[in-house]
Structures are given as C-alpha cells and as structure tokens.
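Report on the structure given below.
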Amino acid sequence: MLRPTDPIQVLVVDDDPHMTVLLETVLCDHGFDVITAADGQAAFQIILETGPPLVLTDWNMPRLNGLELCRHVRASEGVGFTYVMILSANKSVEELAMAFDAGADDYLTKPFDRRELLCRLNAAERIIRLEAFYRHQTVQIHKVNGEIAVTNSKLQRLSRRLQTSRDEAQRSGLEAQQANRAKGEFLANMSHEVRTPMTAILGYLDLLDPTVSPEVDDTERTEAFHAIRRNGEHLLQVITDILDLSKIESGVMTSHPSPCSVVTLVEEIATTLRLRALAKNVSLVVEYNWPLPERIHVDPTRLRQILLNLVGNAIKFTEKGGVRIIVSFHPREDSPGDISLSVTDTGIGMTSEQVGMLFRPFVQVDPSYSRRFEGTGLGLYIAQRLAHMLNGTLSVESQSNVGSTFTLTLPVYESANARLLHRFPESSASLQVSMHGTMKSASDSPSILADNLILLVEDNLDNQKLLTRILRNAGADVTLAENGKAAIDAVQEAVFRDRLFHVILMDMQMPVMDGFEATKLLRQEGRTLPIIALTAFALSSDRERCLQAGCSDFVTKPVNRLQLMQTIRKHVNLAASDSADHSAFQKAIRSTLTIAT
C-alpha cells in the first residue's frame, strides 16, 4: 500500500540506453524511485512481480512494443492500478488515438520538453496518490464491513437482551457504507477539480510557446496569461481547502483573537471581490446598520476567510441582480451583544432538501457530472467550523430561483476601548480604488524596496528569475544564492566588503544545505538581520519549525507579490528602528561618560 511519504516508483521502458539514462536522471532528480527495462516483455514481467504504479514506455521496441505492453497491462487481472504514459516520436492524431484506445493514460511526443514531462508526471503522481488513498479507504471500509458481519453473526446467537446492540452495529455498517460512497464521490470530484485546470494550464502554456504556436498574436497571449492565472488560482484554492479540512479534522486549526475593525475588514473584502462581481455584471454593495462597534475581539484572518467564502459563493451562484453584505449590531441586556454579517444574493437559491445537505464534508448539493458550478464542496463546511471556532454561528435561508442569505453571528466581547460608530470612519479604507476599479496600495510603488540589499536563496531556476524580477522592479538590489551553503558564503563576503544585506529571503527545501540548517548557522554566527522563510509548506507546524530555526517571518508559495513586499518592508523598517534606537542609546552612553569625566 502506497503511503503518503513513499516515493513513487517509475518503470522506464526503452530500448535506447541514452533515452533510458536521460529519463532516469530527470526522474531521480525529482524524487522518483526509478527502475528500467529494455523491452516490453521484460517490463511486463517486472509489472507482474513488483507492480510499479507509473510506467513510461517507448512505442517502438523489440519483443513487445509500448502499445502491446499497455494492452497486456489492461488485460491482466493480477495488475493493480498502473498509470501508463507512452512516449513516441510520432505526433499523428491516429497514433494518439491508438495509444488511448489501448488503455494509455497519457501520451508524450519525443523530443519532449523537460518541464512538460515533469508537469505531466506531477499530475500523474497526484492521481496515483488519490487512487492509493481511495483504495486504502476501500480496504478499511471492507474491513469494517467484515467486522460488522462477524458481529452480526455473533449477535444472532445471543438472547434478546443483545438485540439493541445488533441493531446499532447494523446502523454503523450503513453509515460506513454511506461514508464510503461520499468519500468516493469526493475523490472523483477532486480528480476533476485538479485535472480540469491542469488541462487549461498545460494547453495555454503550449499556446505561449513560440516553437509550438508561432502564429499567436498579443491578444491571444494576453488571454492565455489570464487563463493560466485563473486556473492556477483555482488549483491553489483546491489545495487550500484540502489543507484547511485536514487541519480542522486533526484539531490543529488555531485561532488568534485580537482587536479588529469589522468595517475596515468588510471594505477590504468588498474591494477585493468587486471586480469579480463586475465581470459577471453583478452588483456588490455593503450596507451598514449604524451604530456599530468600532472594534471587536476576533481572529481577523479566520473572519476574513469566512467572509471571502460566503461573498465569493454568492457572486459565483448569481447570474443577474446583485449581492449585498449587511452589517448589523444587536445589543443585549446581559452582554455587550452580537454583530451579524449577512451575505444576500439574488442567485439560483436552494430547495429545503439542498439546504439540509449544506455544511457537510465530502458532500455537494449538486454532485452530478453536469453541475454548472465548479468547487470542492468544502468551503461552507470549513466556514461553519471556523464560525464555531470564533464562538459564533453560521445560518442560511434560501429559496430556489430567488436567492440565499448566509448570516454569520459573532459575540462582541467587552473591551477597554470599545465605542460605537454612528457613521463611516474616514480612515477605515486601507486600500484606494482607481476609476477603473484596480486596487492600489503602497506596495505597488516601483521604489518601495529602493536601496535595499536583498539576498535571495532559492534553488529553483524559474523561481529565481521570477522573484528577482519582482524584487528588482520594486527597486531592490538582489544577490542570488542557490543553496544554504552559498547563502552563508554570500553573507560572509558581504560582511568582508562592508556591504551588509538588509534582509534574506530563504527557501527552506534545497540541496547541499537546506534553509533550516543555513538559518540556524547564521544565527549561531550572530547574524541578526531579518530572514524571511519562503516555503511551499503551509501548515502551522511548518511555520513554527521555520521560526524555531531562527527565521523572522514566513511567506508561503506560491508567493503573493504584495504580501512579500509588505513583509519585507515590515522587517526592514523594524531592523532600521532597532538600529536607530541602538545608535541613540550608544550616543547617550558616550554623553554620560563625557559628563562624568
């Protein structure tokens, strides 16, 4: 059984030793466990004996070609789940059709682009791991069903005193089967949610490749760029939902309450999503029922997450009309009261039966293949759990073909600075909106990082180029290091030249020396400059590990440009403030010593 931490084993089948070595090198470099075979007959024997989940096979080979190998794999009952990718120098549609008719899962023409190969392999790996997870769940369900059957057999021989226990066991079996079906539907939906945007991303990348599509004009390139961004953001949301669900189910999701301006937060969310609404010809307005508390004690990150989900859903399910965010305060005699945030839309609405299916994990209101709206089906479940985490409630009222209203109600805790606002505060909007609806902030300034020396530690060439361009466009002077060892050398050289870095952006997973070890060594050497972790790991435990290693802050990949700029500026300003305070302190000490003398 494939475990989540196990590397994927790949069988490379090719009679050309040079191609075999090339593929083996690329795959090993990216963490795959590679075995090889020189022809289809030998490969099929390996598949029967060891069952590698991923097979890359050439088409033309002696003894048994790639097409025949694929047919053998699909026809053999002893072979488990096997993802077969056929590599061929032929680009004809007829050969492509033959490959998929034979049971191939993917088809790649030679010579291939290394990046395309890795993208397809990463997609294949996700499918393999999802299949392994599904099979594991199926085995567990079968085990539970078997235990229930044994228990039922025993209960039948007992007296009527145990009749109730037997009925409970039968109900448990039914619930287990229902859970299995729900999770099966969820996995199928996850496969769809991943493969659909990946198809668009890979397709539009081909469109942007001048060697593949030289006739593409600027308009088409712009459309391709936006399509890739949309589908990339969709993939990121799928991953975020799954991670949030994992944290909620494992009990590691945490809340950090602090004084929060609800008015400011709602305005930011409305500004963020108004462009999405306008793109659909749907209005998005905010209504404040004054007076309202100036601040409430709540976790602003979790509150923002809930509202983004509710307002985003309202826009998605509304084809005409509009969406309203209504903020109200309800004082109580025995407590400061409650604040309610209602999101009302004129969208498709729901029946009472569909409303009853909301707030359940692994369940979608419309699970059919013809459903009109994409999504993981986890958003509202996550939103409700987050509402409970904030000691609040999330309720819904809906009518089919009329619209829906979701209402988040939160307690307002007493605060020493609590006061009621009777109108919109002039200073509440942190973002300015231009005439075209484009959000502007101080982080958009091309000189926000001017005169800042930044050491970027990143081993991925594409990320190096991207982040360097972002930082230099913001005015920074960027030095590159490809691993932790090179970073330490760069810092030592900067000290020698008296040209100290203002901040280090440190990737945490690198060859030679990773970011954790490099950060620890820099701190042991007495380096106090800000070190900001850049990592694709997004769990709270990963953040804690980075901070324990000595990092000053934590930014997740894919990197949000504005968040990165703001994080850098925050720590550069803090470092400058500390340096100024230290200089003033030293000056005061010298003055005191002079007077004493």
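We name chains A, B, ... following the order of the structure tokens; residues begin at 1 in each chain, and ligands are numbered from 1 as shown.
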Exercise: Leu394 of chain A partners within 6 Å, only C-alpha atoms, chain neighbours under 3 positions left out, as an NGL selection string | :A and (384 or 407-408)
Selection near Gln548 of chain A, 10 Å with only C-alpha atoms, sequence-local residues under 3 positions removed, as an NGL selection string = :A and (516 or 519-520 or 542-545 or 551-552)
Using DSSP on the backbone coordinates, identify the residues of segment 205-335 of chain A assigned to strand (DSSP E or B); present them as a ChimeraX atom specification.
-> /A:258-260,283-289,292-293,296-298,322-330
If you count only C-alpha atoms, which residues fall within 9 Å of Gly337 of chain A, apart from same-chain ones fewer than 3 positions away, as an NGL selection string?
-> :A and (329-334 or 410-413)
Go ahead and save the picked residues with all heavy atoms, as a CSV table (one decimal), in the first residue's frame.
chain,number,residue,atom,x,y,z
A,329,PHE,N,-25.5,45.5,14.4
A,329,PHE,CA,-25.1,45.2,15.7
A,329,PHE,C,-26.4,45.0,16.6
A,329,PHE,O,-27.4,45.8,16.4
A,329,PHE,CB,-24.3,46.4,16.3
A,329,PHE,CG,-24.0,46.3,17.8
A,329,PHE,CD1,-23.4,45.2,18.3
A,329,PHE,CD2,-24.4,47.3,18.6
A,329,PHE,CE1,-23.1,45.1,19.6
A,329,PHE,CE2,-24.2,47.3,20.0
A,329,PHE,CZ,-23.5,46.2,20.5
A,330,HIS,N,-26.4,44.0,17.4
A,330,HIS,CA,-27.6,43.7,18.2
A,330,HIS,C,-27.2,43.7,19.7
A,330,HIS,O,-26.6,42.7,20.2
A,330,HIS,CB,-28.1,42.3,17.9
A,330,HIS,CG,-28.3,42.1,16.4
A,330,HIS,ND1,-29.4,42.6,15.7
A,330,HIS,CD2,-27.5,41.5,15.5
A,330,HIS,CE1,-29.2,42.3,14.4
A,330,HIS,NE2,-28.1,41.6,14.2
A,331,PRO,N,-27.4,44.8,20.4
A,331,PRO,CA,-27.0,44.9,21.8
A,331,PRO,C,-27.9,44.0,22.7
A,331,PRO,O,-29.0,43.7,22.3
A,331,PRO,CB,-27.2,46.4,22.2
A,331,PRO,CG,-28.2,46.9,21.2
A,331,PRO,CD,-28.0,46.1,19.9
A,332,ARG,N,-27.3,43.5,23.8
A,332,ARG,CA,-28.1,42.7,24.7
A,332,ARG,C,-28.0,43.3,26.1
A,332,ARG,O,-27.1,44.0,26.5
A,332,ARG,CB,-27.4,41.3,24.8
A,332,ARG,CG,-27.2,40.6,23.4
A,332,ARG,CD,-28.5,40.2,22.8
A,332,ARG,NE,-28.2,39.5,21.5
A,332,ARG,CZ,-29.1,39.3,20.5
A,332,ARG,NH1,-30.3,39.8,20.7
A,332,ARG,NH2,-28.8,38.7,19.4
A,333,GLU,N,-29.0,42.9,26.9
A,333,GLU,CA,-29.0,43.5,28.3
A,333,GLU,C,-28.0,42.8,29.2
A,333,GLU,O,-27.4,43.4,30.0
A,333,GLU,CB,-30.4,43.2,28.9
A,333,GLU,CG,-31.5,44.1,28.3
A,333,GLU,CD,-32.9,43.9,29.0
A,333,GLU,OE1,-32.9,43.1,29.9
A,333,GLU,OE2,-33.9,44.5,28.5
A,334,ASP,N,-27.7,41.5,28.9
A,334,ASP,CA,-26.8,40.8,29.8
A,334,ASP,C,-25.4,40.6,29.2
A,334,ASP,O,-24.5,39.9,29.8
A,334,ASP,CB,-27.4,39.4,30.1
A,334,ASP,CG,-27.7,38.6,28.8
A,334,ASP,OD1,-27.7,39.3,27.7
A,334,ASP,OD2,-27.8,37.4,28.9
A,410,LEU,N,-21.5,36.8,15.5
A,410,LEU,CA,-20.4,36.7,16.4
A,410,LEU,C,-20.6,37.5,17.7
A,410,LEU,O,-21.2,38.6,17.6
A,410,LEU,CB,-19.1,37.2,15.7
A,410,LEU,CG,-18.6,36.5,14.5
A,410,LEU,CD1,-17.5,37.3,13.8
A,410,LEU,CD2,-18.2,35.1,14.8
A,411,PRO,N,-20.2,37.0,18.8
A,411,PRO,CA,-20.3,37.8,20.1
A,411,PRO,C,-19.4,39.0,20.1
A,411,PRO,O,-18.2,38.9,19.6
A,411,PRO,CB,-20.0,36.8,21.2
A,411,PRO,CG,-19.1,35.8,20.5
A,411,PRO,CD,-19.5,35.7,19.0
A,412,VAL,N,-19.8,40.1,20.6
A,412,VAL,CA,-18.9,41.2,20.8
A,412,VAL,C,-18.5,41.3,22.3
A,412,VAL,O,-19.3,41.5,23.2
A,412,VAL,CB,-19.7,42.5,20.5
A,412,VAL,CG1,-18.8,43.8,20.8
A,412,VAL,CG2,-20.1,42.5,19.0
A,413,TYR,N,-17.2,41.0,22.5
A,413,TYR,CA,-16.7,41.0,23.8
A,413,TYR,C,-16.3,42.4,24.3
A,413,TYR,O,-15.9,43.2,23.5
A,413,TYR,CB,-15.4,40.1,23.9
A,413,TYR,CG,-15.7,38.6,23.6
A,413,TYR,CD1,-15.4,38.1,22.3
A,413,TYR,CD2,-16.4,37.8,24.5
A,413,TYR,CE1,-15.7,36.8,22.0
A,413,TYR,CE2,-16.7,36.5,24.2
A,413,TYR,CZ,-16.3,36.0,22.9
A,413,TYR,OH,-16.6,34.7,22.6
Find the residues around Val266 of chain A up to 9 Å (only C-alpha atoms counted), leave out those fewer than 6 positions away in its own chain, and share them as a PyMOL selection string.
-> chain A and resi 286+304+307+325+327
For Gly51 of chain A, work out the shell of residues within 9 Å, counting only C-alpha atoms and skipping chain neighbours fewer than 3 positions away, then give it as a PyMOL selection string.
-> chain A and resi 9+46-48+54+79-82
